[in-house]
$ cat protein-v5.cif   # mmCIF, C-alpha atoms
data_work
#
loop_
_atom_site.label_atom_id
_atom_site.label_comp_id
_atom_site.auth_asym_id
_atom_site.auth_seq_id
_atom_site.Cartn_x
_atom_site.Cartn_y
_atom_site.Cartn_z
CA MET A 11 110.96 -53.46 -207.83
CA VAL A 12 109.00 -53.96 -204.66
CA GLU A 13 105.85 -56.06 -204.66
CA TRP A 14 102.96 -54.71 -202.62
CA THR A 15 99.91 -56.73 -201.63
CA ASP A 16 96.50 -55.04 -201.84
CA PHE A 17 96.40 -55.00 -198.05
CA GLU A 18 99.76 -53.20 -197.90
CA ARG A 19 98.78 -50.62 -200.50
CA ASP A 20 95.44 -49.92 -198.84
CA THR A 21 96.99 -49.75 -195.38
CA ILE A 22 99.72 -47.32 -196.39
CA GLN A 23 97.35 -45.09 -198.31
CA ASP A 24 94.82 -45.17 -195.49
CA ILE A 25 97.38 -44.18 -192.87
CA PHE A 26 98.64 -41.25 -194.94
CA SER A 27 95.18 -40.06 -195.96
CA ARG A 28 94.37 -39.63 -192.27
CA MET A 29 97.79 -38.40 -191.23
CA GLU A 30 98.13 -35.14 -189.37
CA TYR A 31 101.42 -34.15 -190.95
CA ASP A 32 102.06 -31.22 -188.68
CA VAL A 33 101.57 -33.37 -185.57
CA VAL A 34 103.32 -36.58 -186.56
CA GLY A 35 106.26 -34.95 -188.35
CA PRO A 36 107.36 -32.64 -185.54
CA ALA A 37 106.76 -35.36 -182.91
CA ALA A 38 108.80 -37.95 -184.81
CA LEU A 39 111.74 -35.66 -185.50
CA ALA A 40 111.75 -34.34 -181.93
CA ARG A 41 111.64 -37.90 -180.59
CA CYS A 42 114.55 -38.88 -182.83
CA LEU A 43 116.64 -35.95 -181.57
CA VAL A 44 115.86 -36.85 -177.93
CA VAL A 45 116.20 -40.64 -178.13
CA TYR A 46 119.23 -40.65 -180.42
CA PRO A 47 121.02 -37.46 -179.41
CA TRP A 48 123.87 -37.87 -181.89
CA THR A 49 121.39 -37.00 -184.63
CA GLN A 50 121.40 -33.45 -183.30
CA ARG A 51 124.72 -32.91 -185.03
CA TYR A 52 122.87 -32.52 -188.32
CA PHE A 53 120.83 -29.62 -187.01
CA GLY A 54 123.52 -27.28 -185.75
CA GLY A 55 121.74 -24.32 -187.28
CA PHE A 56 118.47 -25.01 -185.50
CA GLY A 57 119.28 -23.14 -182.30
CA ASN A 58 118.29 -24.46 -178.88
CA LEU A 59 118.34 -28.27 -178.71
CA TYR A 60 119.70 -28.48 -175.18
CA ASN A 61 116.98 -30.57 -173.63
CA ALA A 62 113.81 -32.44 -174.54
CA ALA A 63 111.56 -29.48 -173.76
CA ALA A 64 113.65 -27.17 -175.94
CA ILE A 65 113.64 -29.67 -178.79
CA LYS A 66 109.90 -30.21 -178.61
CA GLY A 67 109.25 -26.47 -178.61
CA ASN A 68 111.78 -25.59 -181.30
CA PRO A 69 109.91 -24.14 -184.31
CA MET A 70 112.62 -25.15 -186.79
CA VAL A 71 112.38 -28.77 -185.63
CA SER A 72 108.60 -28.66 -186.07
CA LYS A 73 108.82 -27.15 -189.52
CA HIS A 74 111.41 -29.66 -190.65
CA GLY A 75 109.44 -32.55 -189.20
CA THR A 76 106.45 -31.53 -191.28
CA THR A 77 108.66 -31.20 -194.37
CA ILE A 78 109.98 -34.73 -193.88
CA MET A 79 106.48 -36.19 -193.59
CA HIS A 80 105.40 -34.48 -196.78
CA GLY A 81 108.51 -35.93 -198.37
CA LEU A 82 107.06 -39.36 -197.63
CA ASP A 83 104.01 -38.40 -199.70
CA ARG A 84 106.09 -38.82 -202.83
CA ALA A 85 106.65 -42.45 -202.00
CA VAL A 86 102.98 -43.02 -201.16
CA LYS A 87 102.02 -41.63 -204.59
CA ASN A 88 104.70 -43.68 -206.35
CA LEU A 89 104.61 -46.98 -204.49
CA ASP A 90 105.77 -48.84 -207.58
CA ASP A 91 108.84 -46.72 -208.19
CA ILE A 92 110.05 -45.45 -204.85
CA GLU A 93 113.72 -45.90 -205.74
CA ASN A 94 113.69 -43.46 -208.64
CA THR A 95 111.37 -41.10 -206.79
CA TYR A 96 114.07 -40.51 -204.20
CA THR A 97 117.14 -40.24 -206.44
CA GLU A 98 117.46 -36.48 -205.97
CA LEU A 99 116.77 -36.55 -202.23
CA SER A 100 119.30 -39.35 -201.83
CA VAL A 101 121.96 -37.31 -203.58
CA LEU A 102 121.04 -34.29 -201.43
CA HIS A 103 121.34 -36.23 -198.17
CA SER A 104 124.65 -37.78 -199.17
CA GLU A 105 126.49 -35.08 -201.10
CA LYS A 106 125.23 -31.95 -199.42
CA LEU A 107 123.96 -32.90 -195.96
CA HIS A 108 126.38 -35.80 -195.32
CA VAL A 109 123.87 -37.76 -193.26
CA ASP A 110 124.97 -41.24 -192.19
CA PRO A 111 122.28 -43.46 -193.75
CA ASP A 112 121.96 -45.51 -190.54
CA ASN A 113 120.13 -42.52 -189.15
CA PHE A 114 117.32 -42.86 -191.68
CA LYS A 115 116.35 -46.10 -189.96
CA LEU A 116 116.35 -44.42 -186.56
CA LEU A 117 114.02 -41.70 -187.77
CA ALA A 118 111.81 -44.32 -189.42
CA ASP A 119 111.53 -46.14 -186.08
CA CYS A 120 110.47 -42.88 -184.41
CA VAL A 121 107.84 -42.27 -187.10
CA THR A 122 106.52 -45.79 -186.48
CA ILE A 123 106.27 -45.16 -182.75
CA VAL A 124 104.48 -41.83 -183.19
CA VAL A 125 102.01 -43.31 -185.68
CA ALA A 126 101.50 -46.26 -183.30
CA ALA A 127 100.69 -43.84 -180.49
CA GLN A 128 98.21 -42.03 -182.73
CA LEU A 129 96.42 -45.14 -183.98
CA GLY A 130 96.48 -47.20 -180.78
CA LYS A 131 94.67 -50.53 -181.19
CA GLU A 132 94.25 -49.99 -184.94
CA PHE A 133 98.01 -50.33 -185.31
CA THR A 134 97.91 -54.11 -185.38
CA GLY A 135 100.90 -56.33 -186.17
CA GLU A 136 99.81 -56.59 -189.80
CA VAL A 137 99.43 -52.81 -190.13
CA GLN A 138 102.83 -52.36 -188.48
CA ALA A 139 104.40 -54.83 -190.91
CA ALA A 140 102.99 -52.97 -193.93
CA PHE A 141 103.99 -49.57 -192.57
CA GLN A 142 107.50 -50.69 -191.64
CA LYS A 143 107.95 -52.34 -195.05
CA PHE A 144 107.04 -49.04 -196.67
CA LEU A 145 109.48 -47.11 -194.48
CA ALA A 146 112.21 -49.69 -195.11
CA VAL A 147 111.85 -49.19 -198.88
CA VAL A 148 112.04 -45.42 -198.39
CA VAL A 149 115.11 -45.76 -196.16
CA SER A 150 116.80 -48.04 -198.67
CA SER A 151 116.03 -45.69 -201.57
CA LEU A 152 117.44 -42.73 -199.69
CA GLY A 153 120.65 -44.65 -199.13
CA ARG A 154 121.04 -45.76 -202.74
CA GLN A 155 123.03 -42.85 -204.11
CA TYR A 156 125.64 -43.11 -201.39
CA HIS A 157 127.86 -45.64 -203.13
CA MET B 6 125.39 -47.40 -171.97
CA SER B 7 125.03 -46.28 -168.38
CA LEU B 8 121.70 -45.21 -167.01
CA SER B 9 121.52 -41.87 -165.25
CA ASP B 10 119.45 -41.50 -162.08
CA LYS B 11 116.91 -39.66 -164.24
CA ASP B 12 116.73 -42.64 -166.61
CA LYS B 13 116.26 -45.10 -163.75
CA ALA B 14 113.51 -42.96 -162.25
CA ALA B 15 111.77 -42.71 -165.63
CA VAL B 16 111.94 -46.47 -166.16
CA ARG B 17 110.62 -47.21 -162.67
CA ALA B 18 107.78 -44.68 -163.14
CA LEU B 19 106.81 -46.04 -166.55
CA TRP B 20 107.02 -49.62 -165.29
CA SER B 21 104.68 -48.89 -162.39
CA THR B 22 102.11 -47.62 -164.91
CA ILE B 23 102.43 -50.44 -167.42
CA SER B 24 103.18 -53.43 -165.20
CA LYS B 25 99.55 -54.38 -164.61
CA SER B 26 99.20 -54.84 -168.38
CA SER B 27 102.47 -56.71 -168.67
CA ASP B 28 100.83 -59.96 -169.86
CA ALA B 29 99.04 -58.11 -172.65
CA ILE B 30 102.19 -56.21 -173.56
CA GLY B 31 104.25 -59.40 -173.72
CA ASN B 32 101.66 -61.14 -175.88
CA ASP B 33 101.27 -58.17 -178.23
CA ALA B 34 105.01 -57.53 -178.56
CA LEU B 35 105.87 -61.15 -179.35
CA SER B 36 102.89 -61.53 -181.71
CA ARG B 37 103.93 -58.37 -183.50
CA MET B 38 107.53 -59.51 -183.73
CA ILE B 39 106.72 -62.75 -185.54
CA VAL B 40 104.43 -60.90 -187.96
CA VAL B 41 106.65 -57.90 -188.70
CA TYR B 42 109.95 -59.83 -188.59
CA PRO B 43 109.05 -63.35 -189.73
CA GLN B 44 112.68 -64.45 -189.60
CA THR B 45 112.37 -64.56 -185.80
CA LYS B 46 109.95 -67.48 -186.01
CA ILE B 47 112.83 -69.92 -186.40
CA TYR B 48 113.61 -69.59 -182.70
CA PHE B 49 110.18 -71.01 -181.90
CA SER B 50 110.09 -73.91 -184.30
CA HIS B 51 109.72 -76.29 -181.36
CA TRP B 52 106.16 -75.00 -180.87
CA PRO B 53 103.39 -76.71 -182.85
CA GLU B 54 102.28 -73.38 -184.26
CA VAL B 55 103.88 -69.96 -184.28
CA ILE B 56 100.98 -67.58 -184.71
CA PRO B 57 100.05 -64.31 -183.01
CA GLY B 58 98.05 -64.74 -179.82
CA SER B 59 98.63 -68.49 -179.54
CA ILE B 60 98.94 -69.97 -176.07
CA HIS B 61 102.68 -70.49 -176.51
CA ILE B 62 103.14 -66.84 -177.45
CA LYS B 63 101.06 -65.72 -174.47
CA GLU B 64 103.08 -67.84 -172.07
CA HIS B 65 106.38 -66.82 -173.54
CA GLY B 66 105.31 -63.19 -173.56
CA LYS B 67 104.67 -63.52 -169.82
CA LYS B 68 108.14 -64.97 -169.35
CA VAL B 69 109.77 -62.18 -171.30
CA MET B 70 107.93 -59.50 -169.33
CA GLY B 71 108.93 -61.35 -166.14
CA GLY B 72 112.50 -60.98 -167.30
CA ILE B 73 111.97 -57.27 -167.78
CA GLU B 74 110.44 -56.98 -164.33
CA LEU B 75 113.56 -58.67 -162.98
CA ALA B 76 115.69 -56.18 -164.88
CA VAL B 77 113.74 -53.25 -163.42
CA SER B 78 114.43 -54.59 -159.93
CA LYS B 79 118.13 -54.96 -160.77
CA ILE B 80 118.35 -51.67 -162.59
CA ASP B 81 121.30 -50.56 -160.51
CA ASP B 82 123.40 -53.43 -161.79
CA LEU B 83 121.94 -54.89 -164.95
CA LYS B 84 125.10 -56.74 -165.96
CA THR B 85 125.24 -58.90 -162.83
CA GLY B 86 121.48 -59.11 -162.41
CA LEU B 87 120.87 -60.44 -165.91
CA PHE B 88 124.03 -62.53 -166.19
CA GLU B 89 122.26 -65.88 -166.05
CA LEU B 90 119.63 -64.90 -168.61
CA SER B 91 122.33 -63.53 -170.87
CA GLU B 92 124.26 -66.80 -170.72
CA GLN B 93 121.10 -68.80 -171.35
CA HIS B 94 120.21 -66.80 -174.45
CA ALA B 95 123.75 -66.95 -175.78
CA PHE B 96 124.82 -70.52 -175.06
CA LYS B 97 121.63 -72.51 -174.76
CA LEU B 98 119.15 -70.67 -176.99
CA ARG B 99 121.79 -69.22 -179.33
CA VAL B 100 119.80 -66.12 -180.16
CA ASP B 101 121.49 -63.65 -182.51
CA PRO B 102 121.69 -60.50 -180.38
CA GLY B 103 120.34 -58.42 -183.28
CA ASN B 104 116.99 -59.96 -182.44
CA PHE B 105 116.94 -58.35 -178.99
CA LYS B 106 116.87 -54.98 -180.75
CA ILE B 107 113.94 -56.19 -182.84
CA LEU B 108 111.98 -57.32 -179.79
CA ASN B 109 112.87 -54.06 -177.98
CA HIS B 110 111.39 -52.09 -180.87
CA CYS B 111 108.20 -54.16 -180.77
CA ILE B 112 107.88 -53.62 -177.01
CA LEU B 113 108.30 -49.87 -177.54
CA VAL B 114 105.63 -49.86 -180.28
CA VAL B 115 103.18 -51.75 -178.03
CA ILE B 116 103.76 -49.33 -175.16
CA ALA B 117 103.22 -46.43 -177.59
CA THR B 118 99.87 -47.88 -178.70
CA MET B 119 98.69 -48.64 -175.17
CA PHE B 120 100.05 -45.65 -173.27
CA PRO B 121 100.43 -42.81 -175.77
CA LYS B 122 100.29 -40.06 -173.15
CA GLU B 123 102.86 -41.57 -170.80
CA PHE B 124 105.26 -42.61 -173.52
CA THR B 125 106.83 -39.21 -174.00
CA PRO B 126 110.17 -38.84 -175.80
CA GLU B 127 111.85 -38.55 -172.39
CA ALA B 128 110.31 -41.82 -171.20
CA HIS B 129 111.14 -43.37 -174.57
CA VAL B 130 114.83 -42.54 -174.41
CA SER B 131 115.19 -43.88 -170.86
CA LEU B 132 113.31 -47.08 -171.66
CA ASP B 133 115.27 -47.58 -174.88
CA LYS B 134 118.59 -47.21 -173.03
CA PHE B 135 117.33 -49.60 -170.33
CA LEU B 136 116.16 -52.27 -172.81
CA SER B 137 119.42 -51.98 -174.77
CA GLY B 138 121.37 -52.54 -171.56
#
$ encode --input "protein-v5.cif" --output "structure tokens"
Amino acid sequence: MVEWTDFERDTIQDIFSRMEYDVVGPAALARCLVVYPWTQRYFGGFGNLYNAAAIKGNPMVSKHGTTIMHGLDRAVKNLDDIENTYTELSVLHSEKLHVDPDNFKLLADCVTIVVAAQLGKEFTGEVQAAFQKFLAVVVSSLGRQYH
Amino acid sequence: MSLSDKDKAAVRALWSTISKSSDAIGNDALSRMIVVYPQTKIYFSHWPEVIPGSIHIKEHGKKVMGGIELAVSKIDDLKTGLFELSEQHAFKLRVDPGNFKILNHCILVVIATMFPKEFTPEAHVSLDKFLSG
């Protein structure tokens, strides 16, 4: 089980309570698809991903980005049991979607960068540490059912 | 990874915007790194204190950004241009290369906080490729 300090809990909950899901989600997913183009292979059915402009304007990318961010809500609400919270999603990503779990980390990095851009100075080193710790636990939980 | 002409242009353009803040970026990135990835502090155990914003961090941040400025100027041949620095980090400082990725990420986060408008996904991908090279 993961131990969270009060600062970490408050920081994570604060960030998500102010989060614009339909801005951050689409931006993070689009960034991931642009910066790490091999991730596009998982979205073959999404239509036009030929260049950055197409990716950013693609409505399916936007919708899925928002979905992913709301998926993080589950972890925020269950900080003390993130592993079990993601059992089903982990099975889905491994058995059905066949996503290489290394890619979860790449997307997490993109989410961090988008949130950093949104919060600017507020995104101090301590806030970044708490946020990245949270994402690391999520990423690890999503990878658990792969073995 | 080879940089396309588009990548090089993007890096040069982004650098010209951010270079005047390079001291602040270096300080913030290194300070962040030792807070978010405390295992990196071992490389600085020769300093009396390893805390964010300390004078050692500020000076070293300047050095690191100087190295990046050098890399921008040698962008057409990073391997030769950065050969000495690469040898120094490998043989003298013995830095695990995984840590370069960590510092890269921190630099990207700092640029995102300071220049959100300029740091588009296109600029991000070019800068990421450049820093990885």
$ resolve_selection --input "protein-v5.cif" --expression "the PyMOL selection byres ((chain A and resi 114-127) around 10)" --output "ChimeraX atom specification"
/A:25,29-30,33-43,45-46,49,79,109-113,128-134,137-138,141-142,144-146,148-150,152-153 /B:110-111,113-122,124-126,129
$ closest_residue --input "protein-v5.cif" --among "B:Val130, B:Leu98, B:Leu35, B:Ile23" --to "chain A" --atoms "only C-alpha atoms"
B:Val130
$ closest_residue --input "protein-v5.cif" --among "A:His80, A:Arg154, A:Arg28, A:Arg19" --to "Ser100 in chain A" --atoms "all atoms listed in the file"
A:Arg154
$ atom_distance --input "protein-v5.cif" --atom1 "CA of Ser9 in chain B" --atom2 "CA of Leu136 in chain B"
13.9 Å
$ closest_residue --input "protein-v5.cif" --among "B:Lys25, B:Arg37, B:Lys46, B:Lys68" --to "Leu108 in chain B" --atoms "only C-alpha atoms"
B:Arg37
$ resolve_selection --input "protein-v5.cif" --expression "the PyMOL selection byres ((chain B and resi 76) around 12)" --output "compact mmCIF listing (two decimals) with C-alpha atoms, in the frame of the given file"
# COMPACT_ATOMS: atom_id res chain seq x y z
CA LYS B 13 116.26 -45.10 -163.75
CA VAL B 16 111.94 -46.47 -166.16
CA ARG B 17 110.62 -47.21 -162.67
CA TRP B 20 107.02 -49.62 -165.29
CA VAL B 69 109.77 -62.18 -171.30
CA MET B 70 107.93 -59.50 -169.33
CA GLY B 71 108.93 -61.35 -166.14
CA GLY B 72 112.50 -60.98 -167.30
CA ILE B 73 111.97 -57.27 -167.78
CA GLU B 74 110.44 -56.98 -164.33
CA LEU B 75 113.56 -58.67 -162.98
CA VAL B 77 113.74 -53.25 -163.42
CA SER B 78 114.43 -54.59 -159.93
CA LYS B 79 118.13 -54.96 -160.77
CA ILE B 80 118.35 -51.67 -162.59
CA ASP B 81 121.30 -50.56 -160.51
CA ASP B 82 123.40 -53.43 -161.79
CA LEU B 83 121.94 -54.89 -164.95
CA LYS B 84 125.10 -56.74 -165.96
CA THR B 85 125.24 -58.90 -162.83
CA GLY B 86 121.48 -59.11 -162.41
CA LEU B 87 120.87 -60.44 -165.91
CA PHE B 88 124.03 -62.53 -166.19
CA GLU B 89 122.26 -65.88 -166.05
CA LEU B 90 119.63 -64.90 -168.61
CA SER B 91 122.33 -63.53 -170.87
CA LEU B 132 113.31 -47.08 -171.66
CA PHE B 135 117.33 -49.60 -170.33
CA LEU B 136 116.16 -52.27 -172.81
CA SER B 137 119.42 -51.98 -174.77
CA GLY B 138 121.37 -52.54 -171.56
$ decode --input "protein-v5.cif" --residues "range 81-99 of chain B" --atoms "N, CA, C and O atoms" --output "CSV table (one decimal), in the first residue's frame"
chain,number,residue,atom,x,y,z
B,81,ASP,N,24.1,20.6,-35.8
B,81,ASP,CA,24.3,19.8,-37.0
B,81,ASP,C,25.2,18.6,-36.8
B,81,ASP,O,25.2,17.7,-37.7
B,82,ASP,N,25.9,18.6,-35.7
B,82,ASP,CA,26.7,17.4,-35.5
B,82,ASP,C,26.9,17.2,-34.0
B,82,ASP,O,28.0,17.4,-33.4
B,83,LEU,N,25.8,16.8,-33.3
B,83,LEU,CA,25.8,16.7,-31.9
B,83,LEU,C,26.9,15.7,-31.4
B,83,LEU,O,27.5,15.9,-30.4
B,84,LYS,N,27.1,14.6,-32.1
B,84,LYS,CA,28.0,13.5,-31.6
B,84,LYS,C,29.4,14.1,-31.4
B,84,LYS,O,30.0,13.9,-30.4
B,85,THR,N,29.9,14.8,-32.5
B,85,THR,CA,31.2,15.3,-32.4
B,85,THR,C,31.3,16.5,-31.4
B,85,THR,O,32.2,16.6,-30.6
B,86,GLY,N,30.3,17.4,-31.5
B,86,GLY,CA,30.3,18.6,-30.7
B,86,GLY,C,30.2,18.3,-29.2
B,86,GLY,O,30.8,19.0,-28.5
B,87,LEU,N,29.5,17.3,-28.8
B,87,LEU,CA,29.4,17.0,-27.4
B,87,LEU,C,30.3,15.9,-26.9
B,87,LEU,O,30.1,15.4,-25.8
B,88,PHE,N,31.2,15.5,-27.8
B,88,PHE,CA,32.1,14.3,-27.5
B,88,PHE,C,32.8,14.4,-26.1
B,88,PHE,O,32.8,13.5,-25.3
B,89,GLU,N,33.4,15.6,-25.9
B,89,GLU,CA,34.2,15.8,-24.7
B,89,GLU,C,33.3,15.7,-23.5
B,89,GLU,O,33.6,15.1,-22.5
B,90,LEU,N,32.1,16.4,-23.5
B,90,LEU,CA,31.2,16.4,-22.4
B,90,LEU,C,30.7,15.0,-22.1
B,90,LEU,O,30.5,14.6,-21.0
B,91,SER,N,30.5,14.2,-23.2
B,91,SER,CA,30.0,12.9,-23.0
B,91,SER,C,31.0,12.0,-22.3
B,91,SER,O,30.7,11.3,-21.4
B,92,GLU,N,32.3,12.2,-22.7
B,92,GLU,CA,33.4,11.4,-22.1
B,92,GLU,C,33.5,11.8,-20.6
B,92,GLU,O,33.7,11.0,-19.7
B,93,GLN,N,33.4,13.1,-20.3
B,93,GLN,CA,33.5,13.6,-19.0
B,93,GLN,C,32.4,13.0,-18.1
B,93,GLN,O,32.7,12.5,-17.0
B,94,HIS,N,31.2,13.0,-18.6
B,94,HIS,CA,30.1,12.5,-17.8
B,94,HIS,C,30.2,11.0,-17.6
B,94,HIS,O,29.9,10.4,-16.5
B,95,ALA,N,30.8,10.3,-18.6
B,95,ALA,CA,30.9,8.8,-18.5
B,95,ALA,C,32.1,8.4,-17.6
B,95,ALA,O,31.9,7.7,-16.7
B,96,PHE,N,33.3,9.0,-17.9
B,96,PHE,CA,34.4,8.4,-17.3
B,96,PHE,C,34.8,9.1,-16.0
B,96,PHE,O,35.4,8.5,-15.1
B,97,LYS,N,34.6,10.5,-16.0
B,97,LYS,CA,35.0,11.2,-14.8
B,97,LYS,C,33.9,11.2,-13.8
B,97,LYS,O,34.1,10.9,-12.6
B,98,LEU,N,32.7,11.6,-14.2
B,98,LEU,CA,31.6,11.8,-13.3
B,98,LEU,C,30.8,10.5,-13.1
B,98,LEU,O,30.1,10.4,-12.1
B,99,ARG,N,30.9,9.6,-14.0
B,99,ARG,CA,30.2,8.3,-13.9
B,99,ARG,C,28.8,8.5,-13.6
B,99,ARG,O,28.2,7.9,-12.7
